[in-house]
Amino acid sequence: MEYTLPTKIADYAVGGDGYDLDYIFSKVFEGTTCTYDDIIFMPGYINFLPDKVDLTSYFSKHIKLNIPMVSSCMDTVTEHSMAIAMAQHGGLGVVHHNCSIEVQAHEVQLVKKYRNGVILDPIILTPEHTVSDCLKYKKEYGFAGFPITENGKLGEKLLGIVASRDIDLVEDPTTKIKDVMTSENIQTVSDKMDSAEAVELLRKSKVGKLPVVDSDGNIVALMSRTDLIKNRDFPMATTDSQGRLVCAASVGTRPIDKDRAKALIEAGVDVLVVDSSQGDSCFQLEMIRWLKTNYPQIDVVGGNVVTVRQCKHLIEAGVDGIRIGMGVGSICTTQEVCAVGRGQGSAVYFLAKYCSQFGIPVIADGGIGNVGHITKALCLGASTVMMGSMLAGTEEAPGKYFYRDGVRLKKYRGMGSLEAMEHGSSQRYFSSSHASMRVAQGVVGSVVDKGSLRQYLPYLVQGVRHGFQDLGVKSMTDLNEQRKDGRLRAEVRSSSAQVEGGVHNLHSYEKRLF
């Protein structure tokens with residue numbers, strides 16, 4: 001006799017094979033706030049391969065992503081390098097605003113003007129730098145091809161270029177760059193040349209890097225053979241109607257942020273994220289209304305919120321997407337300091353259910369510590385997940401690596417930390433820049449090196465696909481349907497079950513992600 005999968009919620013026993021999410025959150029968790037680790041989902045029927053899983057989803061009403069993953073708008077997570085890599089793989093990067101308007105707009109421009117294999121902010125040296133300086137940069141960044149200008153700045157006349165072949169056999173490390181650099185017959189690429197011609201010129205030149213210069217001979221970028229190979233094929237890239245990478249950026253809620261928003265839109269930003277630790281404020285609602293009135297073509301995402309009442313106010317103001325999460329980040333202490341917030345599992349489930357009535361995508365922001373958490377957030381109704389600590393240790397994150405106790409680390413700080421506030425983020429927490437006392441709602445820490453996002457992000461994506469396969473879910477649309485009609489089943493995990501579900505009873509072990 002052939003087994004037929006049940007298609008109606010009535011075909012399921014109330015007990016035995018889990019419970020639908022309405023029952024879990026209204027009965028089992030009644031009066032209790034929960035997070036991702038408190039829930040486990042029941043497996044489904046598999047009749048497809050992981051690579052067939054479609055993870056296409058929406059960040060906001062009009063911003064469609066090929067993978068439901070977004071990098072957080074934190075100053076130790078997302079600047080142009082992270083935003084470029086996220087968009088190339090089908091996700092999205094939100095450039096932080098803990099900097100001047102000019103700097104943030106420039107970061108957005110770097111994303112929108114990006115061409116595969118082109119470095120828009122190359123390290124440039126002066127003729128007075130030494131071979132020792134070159135070796136130091138080579139060790140730090142892993143390459144040794146540097147353009148030379150008079151003051152070591154982009155936009156200046158190209159004087160020469162120094163590569164490994166110029167310095168490898170130099171015995172005196174104090175030798176000036178001007179004495180070893182190549183300054184004649186330098187091969188360059190015109191900034192007016194289209195991508196195909198530039199790539200062909202790089203191929204024929206048989207060199208590692210080619211300076212990109214304008215009509216006056218000023219260097220404006222650098223073409224890299226290595227980066228071109230890395231970036232050659234990105235069929236899943238998130239692009240706009242002109243084929244450029246999609247980029248998001250955050251703004252605050254102060255009057256000056258209206259000027260910031262204007263500059264970002266002129267720079268080509270595709271979606272703006274109004275960034276507040278508590279999104280249900282007169283300041284944010286006024287900013288959202290102003291943005292939607294003056295720039296109706298730009299999607300606006302509001303937040304952060306954790307209650308339906310907060311969502312209602314944001315939706316009435318005109319948001320195109322909502323960020324969910326308050327005090328759940330690994331470096332956030334809001335719940336501890338301010339005694340407000342909500343377990344991320346509960347917040348995502350109830351708010352996603354409410355917002356779906358209005359066609360508003362929700363972003364689960366915070367609390368993501370592993371691949372399983374991403375899958376759980378999507379199961380609970382999130383359209384995308386926003387990650388901070390998960391991505392902060394990658395090469396594309398801002399900042400430099402350092403070693404502590406033999407471990408390679410990168411700094412990661414909460415935007416509510418005193419250090420971040422001193423750089424401007426205090427407005428996110430409604431703190432006056434002239435306040436005599438600031439209350440920290442975050443800490444400064446460090447995260448382990450995760451290597452390049454170009455290897456790490458595909459691992460996360462494939463992990464989610466495997467999760468969907470085990471659930472018997474083929475796409476985000478399928479997942480949403482199964483959640484609504486009750487086919488998606490779950491149970492609550494006891495503390496013992498959580499221990500059992502992790503690595504245990506070993507003397508020692510090595511955990512490799514990929």
# chains A, B, ... in the order shown; residues from 1 in each chain; ligands from 1

$ closest_atom_pairs --of "segment 273-360 of chain A" --to "segment 38-54 of chain A" --cutoff "12 Å" --atoms "only C-alpha atoms" --output "tab-separated table"
residue	atom	partner	partner_atom	distance
A:Gly343	CA	A:Asp38	CA	10.1
A:Gln344	CA	A:Asp38	CA	10.5
A:Gly345	CA	A:Asp38	CA	8.3
A:Ser346	CA	A:Asp38	CA	10.2
A:Tyr349	CA	A:Ile39	CA	11.9

$ residues_around --residues "segment 485-496 of chain A" --least-positions-apart "5" --cutoff "9 Å" --atoms "only C-alpha atoms" --output "VMD selection string"
chain A and resid 6 to 9 12 17 to 22 24 28 to 29 37 to 44 379 471 479 to 480 501

$ select_by_dssp --residues "segment 264-484 of chain A" --states "helix (DSSP H, G or I)" --output "compact mmCIF listing (two decimals) with N, CA and C atoms, in the first residue's frame"
# COMPACT_ATOMS: atom_id res chain seq x y z
N LEU A 264 22.93 59.74 0.42
CA LEU A 264 22.95 58.31 0.12
C LEU A 264 22.15 57.99 -1.14
N ILE A 265 21.01 58.65 -1.28
CA ILE A 265 20.18 58.43 -2.47
C ILE A 265 20.89 58.94 -3.71
N GLU A 266 21.56 60.08 -3.59
CA GLU A 266 22.34 60.60 -4.73
C GLU A 266 23.49 59.67 -5.07
N ALA A 267 24.00 58.94 -4.07
CA ALA A 267 25.10 58.00 -4.30
C ALA A 267 24.61 56.70 -4.93
N CYS A 282 8.56 58.71 18.16
CA CYS A 282 8.08 59.80 17.30
C CYS A 282 9.17 60.21 16.31
N PHE A 283 10.44 60.06 16.72
CA PHE A 283 11.55 60.45 15.86
C PHE A 283 11.63 59.54 14.62
N GLN A 284 11.52 58.22 14.84
CA GLN A 284 11.59 57.31 13.71
C GLN A 284 10.36 57.42 12.82
N LEU A 285 9.19 57.51 13.41
CA LEU A 285 7.97 57.60 12.61
C LEU A 285 7.98 58.85 11.73
N GLU A 286 8.47 59.96 12.27
CA GLU A 286 8.55 61.19 11.49
C GLU A 286 9.56 61.04 10.35
N MET A 287 10.69 60.37 10.63
CA MET A 287 11.71 60.16 9.60
C MET A 287 11.16 59.28 8.47
N ILE A 288 10.44 58.23 8.84
CA ILE A 288 9.87 57.33 7.82
C ILE A 288 8.89 58.09 6.94
N ARG A 289 8.01 58.87 7.55
CA ARG A 289 7.02 59.64 6.77
C ARG A 289 7.72 60.62 5.84
N TRP A 290 8.77 61.27 6.33
CA TRP A 290 9.50 62.25 5.51
C TRP A 290 10.16 61.56 4.32
N LEU A 291 10.78 60.40 4.57
CA LEU A 291 11.45 59.67 3.50
C LEU A 291 10.45 59.20 2.45
N LYS A 292 9.33 58.66 2.86
CA LYS A 292 8.34 58.14 1.91
C LYS A 292 7.65 59.27 1.16
N THR A 293 7.58 60.44 1.75
CA THR A 293 6.98 61.60 1.07
C THR A 293 7.93 62.19 0.03
N ASN A 294 9.20 62.30 0.41
CA ASN A 294 10.18 62.95 -0.46
C ASN A 294 10.88 62.00 -1.43
N VAL A 308 3.73 43.71 18.47
CA VAL A 308 2.78 44.00 17.40
C VAL A 308 2.40 45.47 17.41
N ARG A 309 2.25 46.06 18.58
CA ARG A 309 1.90 47.47 18.67
C ARG A 309 2.94 48.34 17.99
N GLN A 310 4.22 48.02 18.21
CA GLN A 310 5.29 48.76 17.54
C GLN A 310 5.20 48.62 16.03
N CYS A 311 4.94 47.39 15.57
CA CYS A 311 4.81 47.14 14.13
C CYS A 311 3.68 47.95 13.53
N LYS A 312 2.56 48.01 14.24
CA LYS A 312 1.39 48.74 13.75
C LYS A 312 1.74 50.19 13.46
N HIS A 313 2.47 50.82 14.36
CA HIS A 313 2.85 52.22 14.17
C HIS A 313 3.78 52.39 12.97
N LEU A 314 4.72 51.47 12.81
CA LEU A 314 5.65 51.57 11.68
C LEU A 314 4.93 51.36 10.35
N ILE A 315 4.01 50.40 10.32
CA ILE A 315 3.27 50.13 9.08
C ILE A 315 2.40 51.33 8.72
N GLU A 316 1.77 51.94 9.71
CA GLU A 316 0.95 53.14 9.47
C GLU A 316 1.79 54.30 8.95
N ALA A 317 3.07 54.32 9.34
CA ALA A 317 3.97 55.39 8.88
C ALA A 317 4.44 55.15 7.45
N THR A 334 21.06 45.43 26.18
CA THR A 334 19.84 46.22 26.39
C THR A 334 18.89 45.56 27.39
N GLN A 335 18.66 44.25 27.24
CA GLN A 335 17.74 43.59 28.15
C GLN A 335 18.27 43.60 29.58
N GLU A 336 19.56 43.49 29.72
CA GLU A 336 20.19 43.49 31.04
C GLU A 336 20.15 44.87 31.68
N VAL A 337 20.41 45.91 30.87
CA VAL A 337 20.50 47.27 31.40
C VAL A 337 19.14 47.94 31.51
N CYS A 338 18.32 47.78 30.46
CA CYS A 338 17.05 48.52 30.40
C CYS A 338 15.83 47.70 30.80
N GLN A 344 13.89 36.28 20.97
CA GLN A 344 13.84 36.48 19.53
C GLN A 344 12.88 35.51 18.84
N GLY A 345 12.77 34.28 19.33
CA GLY A 345 11.84 33.34 18.71
C GLY A 345 10.41 33.82 18.79
N SER A 346 10.00 34.26 19.96
CA SER A 346 8.64 34.79 20.15
C SER A 346 8.41 36.04 19.32
N ALA A 347 9.39 36.94 19.34
CA ALA A 347 9.24 38.20 18.60
C ALA A 347 9.07 37.95 17.11
N VAL A 348 9.91 37.11 16.55
CA VAL A 348 9.84 36.83 15.11
C VAL A 348 8.50 36.19 14.75
N TYR A 349 8.07 35.21 15.53
CA TYR A 349 6.83 34.51 15.18
C TYR A 349 5.62 35.44 15.20
N PHE A 350 5.42 36.15 16.30
CA PHE A 350 4.22 36.98 16.42
C PHE A 350 4.24 38.17 15.46
N LEU A 351 5.40 38.79 15.28
CA LEU A 351 5.46 39.97 14.41
C LEU A 351 5.37 39.58 12.94
N ALA A 352 6.00 38.47 12.57
CA ALA A 352 5.91 38.02 11.17
C ALA A 352 4.48 37.67 10.82
N LYS A 353 3.79 37.02 11.75
CA LYS A 353 2.39 36.65 11.51
C LYS A 353 1.53 37.90 11.32
N TYR A 354 1.78 38.93 12.11
CA TYR A 354 1.01 40.16 11.99
C TYR A 354 1.35 40.90 10.70
N CYS A 355 2.64 41.06 10.41
CA CYS A 355 3.06 41.84 9.24
C CYS A 355 2.68 41.17 7.92
N SER A 356 2.55 39.85 7.92
CA SER A 356 2.20 39.15 6.68
C SER A 356 0.83 39.57 6.17
N GLN A 357 -0.04 40.04 7.06
CA GLN A 357 -1.36 40.50 6.65
C GLN A 357 -1.28 41.74 5.76
N PHE A 358 -0.18 42.48 5.89
CA PHE A 358 -0.01 43.72 5.15
C PHE A 358 1.06 43.62 4.06
N VAL A 371 24.06 28.04 11.80
CA VAL A 371 23.22 27.85 10.61
C VAL A 371 21.80 27.47 11.01
N GLY A 372 21.67 26.62 12.04
CA GLY A 372 20.35 26.20 12.47
C GLY A 372 19.47 27.35 12.89
N HIS A 373 20.07 28.39 13.50
CA HIS A 373 19.30 29.56 13.90
C HIS A 373 18.74 30.29 12.68
N ILE A 374 19.51 30.33 11.60
CA ILE A 374 19.00 30.96 10.37
C ILE A 374 17.76 30.23 9.89
N THR A 375 17.84 28.90 9.82
CA THR A 375 16.71 28.09 9.37
C THR A 375 15.51 28.27 10.29
N LYS A 376 15.74 28.30 11.59
CA LYS A 376 14.64 28.47 12.54
C LYS A 376 13.97 29.84 12.40
N ALA A 377 14.77 30.88 12.21
CA ALA A 377 14.21 32.22 12.03
C ALA A 377 13.30 32.27 10.81
N LEU A 378 13.72 31.62 9.72
CA LEU A 378 12.91 31.58 8.51
C LEU A 378 11.65 30.76 8.74
N CYS A 379 11.77 29.66 9.49
CA CYS A 379 10.59 28.83 9.81
C CYS A 379 9.57 29.61 10.62
N SER A 389 27.71 39.14 14.47
CA SER A 389 28.86 38.36 14.92
C SER A 389 29.19 37.22 13.97
N MET A 390 28.20 36.68 13.28
CA MET A 390 28.43 35.58 12.34
C MET A 390 29.35 36.00 11.20
N LEU A 391 29.34 37.30 10.87
CA LEU A 391 30.12 37.80 9.72
C LEU A 391 31.30 38.67 10.12
N ALA A 392 31.34 39.09 11.38
CA ALA A 392 32.35 40.06 11.81
C ALA A 392 33.77 39.55 11.71
N LEU A 418 30.16 51.95 24.73
CA LEU A 418 30.67 53.31 24.91
C LEU A 418 31.63 53.69 23.79
N GLU A 419 32.44 52.71 23.35
CA GLU A 419 33.40 52.98 22.28
C GLU A 419 32.70 53.40 21.00
N ALA A 420 31.62 52.68 20.64
CA ALA A 420 30.87 53.03 19.43
C ALA A 420 30.15 54.35 19.60
N MET A 421 29.61 54.60 20.80
CA MET A 421 28.92 55.86 21.06
C MET A 421 29.85 57.06 20.90
N GLU A 422 31.09 56.88 21.29
CA GLU A 422 32.06 57.96 21.17
C GLU A 422 32.34 58.31 19.72
N SER A 425 27.38 56.79 17.55
CA SER A 425 26.17 55.96 17.54
C SER A 425 25.24 56.24 18.70
N SER A 426 25.57 57.21 19.58
CA SER A 426 24.72 57.46 20.74
C SER A 426 23.31 57.87 20.34
N GLN A 427 23.16 58.49 19.15
CA GLN A 427 21.84 58.91 18.71
C GLN A 427 20.92 57.72 18.49
N ARG A 428 21.51 56.55 18.20
CA ARG A 428 20.70 55.34 18.00
C ARG A 428 19.98 54.97 19.29
N TYR A 429 20.53 55.40 20.43
CA TYR A 429 19.96 55.07 21.73
C TYR A 429 19.34 56.29 22.39
N LEU A 453 34.57 35.73 3.23
CA LEU A 453 33.13 35.55 3.09
C LEU A 453 32.79 34.73 1.86
N ARG A 454 33.68 34.74 0.86
CA ARG A 454 33.43 34.03 -0.39
C ARG A 454 33.45 32.52 -0.18
N GLN A 455 34.01 32.07 0.91
CA GLN A 455 33.94 30.65 1.27
C GLN A 455 32.92 30.42 2.38
N TYR A 456 32.84 31.35 3.31
CA TYR A 456 31.99 31.18 4.48
C TYR A 456 30.50 31.30 4.14
N LEU A 457 30.14 32.28 3.31
CA LEU A 457 28.72 32.48 2.99
C LEU A 457 28.13 31.29 2.22
N PRO A 458 28.82 30.73 1.22
CA PRO A 458 28.28 29.52 0.57
C PRO A 458 28.05 28.37 1.55
N TYR A 459 28.90 28.28 2.58
CA TYR A 459 28.69 27.26 3.62
C TYR A 459 27.37 27.51 4.35
N LEU A 460 27.10 28.77 4.72
CA LEU A 460 25.85 29.09 5.40
C LEU A 460 24.65 28.79 4.51
N VAL A 461 24.75 29.17 3.24
CA VAL A 461 23.65 28.93 2.30
C VAL A 461 23.37 27.45 2.15
N GLN A 462 24.42 26.66 1.96
CA GLN A 462 24.23 25.23 1.79
C GLN A 462 23.69 24.59 3.07
N GLY A 463 24.09 25.10 4.21
CA GLY A 463 23.56 24.59 5.47
C GLY A 463 22.06 24.81 5.58
N VAL A 464 21.60 26.00 5.17
CA VAL A 464 20.16 26.28 5.19
C VAL A 464 19.43 25.39 4.20
N ARG A 465 20.02 25.17 3.04
CA ARG A 465 19.39 24.29 2.05
C ARG A 465 19.23 22.87 2.61
N HIS A 466 20.24 22.39 3.31
CA HIS A 466 20.13 21.07 3.93
C HIS A 466 19.02 21.07 4.99
N GLY A 467 18.91 22.17 5.74
CA GLY A 467 17.85 22.27 6.73
C GLY A 467 16.48 22.21 6.08
N PHE A 468 16.31 22.93 4.97
CA PHE A 468 15.04 22.92 4.25
C PHE A 468 14.74 21.52 3.71
N GLN A 469 15.78 20.84 3.23
CA GLN A 469 15.58 19.48 2.72
C GLN A 469 15.07 18.56 3.83
N ASP A 470 15.69 18.64 5.00
CA ASP A 470 15.25 17.80 6.11
C ASP A 470 13.82 18.13 6.54
N LEU A 471 13.42 19.39 6.38
CA LEU A 471 12.05 19.79 6.70
C LEU A 471 11.06 19.34 5.64
N MET A 476 11.06 29.15 -0.01
CA MET A 476 10.51 30.04 1.00
C MET A 476 8.99 30.10 0.88
N THR A 477 8.48 30.05 -0.34
CA THR A 477 7.03 30.06 -0.54
C THR A 477 6.40 28.81 0.06
N ASP A 478 7.02 27.67 -0.21
CA ASP A 478 6.56 26.40 0.34
C ASP A 478 6.60 26.43 1.87
N LEU A 479 7.67 26.99 2.43
CA LEU A 479 7.80 27.08 3.88
C LEU A 479 6.67 27.91 4.49
N ASN A 480 6.37 29.04 3.88
CA ASN A 480 5.31 29.90 4.38
C ASN A 480 3.95 29.21 4.33
N GLU A 481 3.72 28.45 3.26
CA GLU A 481 2.44 27.73 3.14
C GLU A 481 2.32 26.64 4.21
N GLN A 482 3.42 25.92 4.44
CA GLN A 482 3.39 24.85 5.44
C GLN A 482 3.22 25.41 6.85
N ARG A 483 3.79 26.58 7.10
CA ARG A 483 3.61 27.19 8.41
C ARG A 483 2.15 27.61 8.62
N LYS A 484 1.54 28.16 7.58
CA LYS A 484 0.17 28.65 7.70
C LYS A 484 -0.85 27.53 7.83

$ select_by_dssp --residues "segment 51-154 of chain A" --states "strand (DSSP E or B)" --output "PyMOL selection string"
chain A and resi 54+57-58+64-65+69-71+92-95+118-119+125+130+146-148

$ write_last_selection --atoms "C-alpha atoms" --output "JSON list (two decimals), in the first residue's frame"
[["chain", "number", "residue", "atom", "x", "y", "z"],
["A", 54, "ASP", "CA", 14.93, 28.01, -3.74],
["A", 57, "SER", "CA", 12.99, 36.05, -0.54],
["A", 58, "TYR", "CA", 12.35, 39.74, 0.10],
["A", 64, "LYS", "CA", 14.30, 40.80, -3.75],
["A", 65, "LEU", "CA", 17.24, 38.66, -2.64],
["A", 69, "MET", "CA", 20.93, 36.78, 4.41],
["A", 70, "VAL", "CA", 21.88, 40.37, 5.24],
["A", 71, "SER", "CA", 24.92, 41.84, 6.97],
["A", 92, "LEU", "CA", 22.58, 42.28, 0.88],
["A", 93, "GLY", "CA", 24.88, 44.48, 2.94],
["A", 94, "VAL", "CA", 23.66, 47.46, 4.99],
["A", 95, "VAL", "CA", 26.41, 50.09, 5.23],
["A", 118, "VAL", "CA", 38.39, 46.11, -9.82],
["A", 119, "ILE", "CA", 39.70, 47.38, -6.47],
["A", 125, "LEU", "CA", 52.36, 54.09, -1.39],
["A", 130, "THR", "CA", 60.64, 51.72, 2.05],
["A", 146, "PHE", "CA", 51.18, 48.69, -4.92],
["A", 147, "PRO", "CA", 50.70, 51.77, -7.13],
["A", 148, "ILE", "CA", 52.91, 54.76, -6.31]]

$ residues_around --residues "Asp214 of chain A" --least-positions-apart "2" --cutoff "8 Å" --atoms "only C-alpha atoms" --output "list in words"
Ser190, Asp191, Lys192, Val212, Asp216, Gly217, Asn218, Ile219 and Val220 of chain A

$ residues_around --residues "Lys153 of chain A" --least-positions-apart "3" --cutoff "8 Å" --atoms "only C-alpha atoms" --output "compact mmCIF listing (two decimals) with N, CA and C atoms, in the first residue's frame"
# COMPACT_ATOMS: atom_id res chain seq x y z
N ILE A 124 47.87 52.55 -1.66
CA ILE A 124 48.81 53.30 -2.50
C ILE A 124 49.96 53.80 -1.63
N LEU A 125 51.17 53.65 -2.12
CA LEU A 125 52.36 54.09 -1.39
C LEU A 125 52.99 55.32 -2.06
N THR A 149 52.09 57.02 -5.88
CA THR A 149 51.79 58.41 -6.22
C THR A 149 52.55 59.31 -5.25
N GLU A 150 52.56 60.60 -5.54
CA GLU A 150 53.38 61.52 -4.75
C GLU A 150 53.01 61.49 -3.26
N GLU A 156 45.61 60.85 -7.65
CA GLU A 156 46.86 61.55 -7.98
C GLU A 156 47.53 60.89 -9.19

$ atom_distance --atom1 "atom CA of Gly388 of chain A" --atom2 "atom CA of Met74 of chain A"
7.3 Å

$ residues_around --residues "Val447 of chain A" --least-positions-apart "2" --cutoff "8 Å" --atoms "only C-alpha atoms" --output "short mmCIF file (atom, residue, chain, number, x, y, z; two decimals) with N, CA and C atoms, in the first residue's frame"
data_model
loop_
_atom_site.label_atom_id
_atom_site.label_comp_id
_atom_site.auth_asym_id
_atom_site.auth_seq_id
_atom_site.Cartn_x
_atom_site.Cartn_y
_atom_site.Cartn_z
N SER A 389 27.71 39.14 14.47
CA SER A 389 28.86 38.36 14.92
C SER A 389 29.19 37.22 13.97
N ALA A 392 31.34 39.09 11.38
CA ALA A 392 32.35 40.06 11.81
C ALA A 392 33.77 39.55 11.71
N GLY A 393 33.97 38.24 11.76
CA GLY A 393 35.32 37.70 11.70
C GLY A 393 35.85 37.42 10.32
N LEU A 409 42.09 36.96 15.61
CA LEU A 409 40.81 37.56 15.97
C LEU A 409 40.57 38.89 15.24
N LYS A 410 39.32 39.34 15.27
CA LYS A 410 38.96 40.68 14.83
C LYS A 410 38.06 41.31 15.87
N LYS A 411 38.18 42.63 16.02
CA LYS A 411 37.33 43.34 16.98
C LYS A 411 35.88 43.33 16.50
N TYR A 412 34.97 43.18 17.46
CA TYR A 412 33.53 43.26 17.19
C TYR A 412 32.90 44.00 18.35
N GLY A 445 34.09 43.37 22.04
CA GLY A 445 34.66 42.03 22.14
C GLY A 445 35.47 41.69 20.92
N ASP A 449 38.66 34.55 13.54
CA ASP A 449 38.81 34.64 12.08
C ASP A 449 38.02 33.54 11.39
#

$ closest_residue --among "A:Val274, A:Leu120, A:Ala249, A:Met386" --to "Ser224 of chain A" --atoms "only C-alpha atoms"
A:Leu120

$ atom_distance --atom1 "atom CA of Ile360 of chain A" --atom2 "atom CA of Lys113 of chain A"
29.7 Å

$ atom_distance --atom1 "atom CA of Val108 of chain A" --atom2 "atom CA of His80 of chain A"
6.6 Å
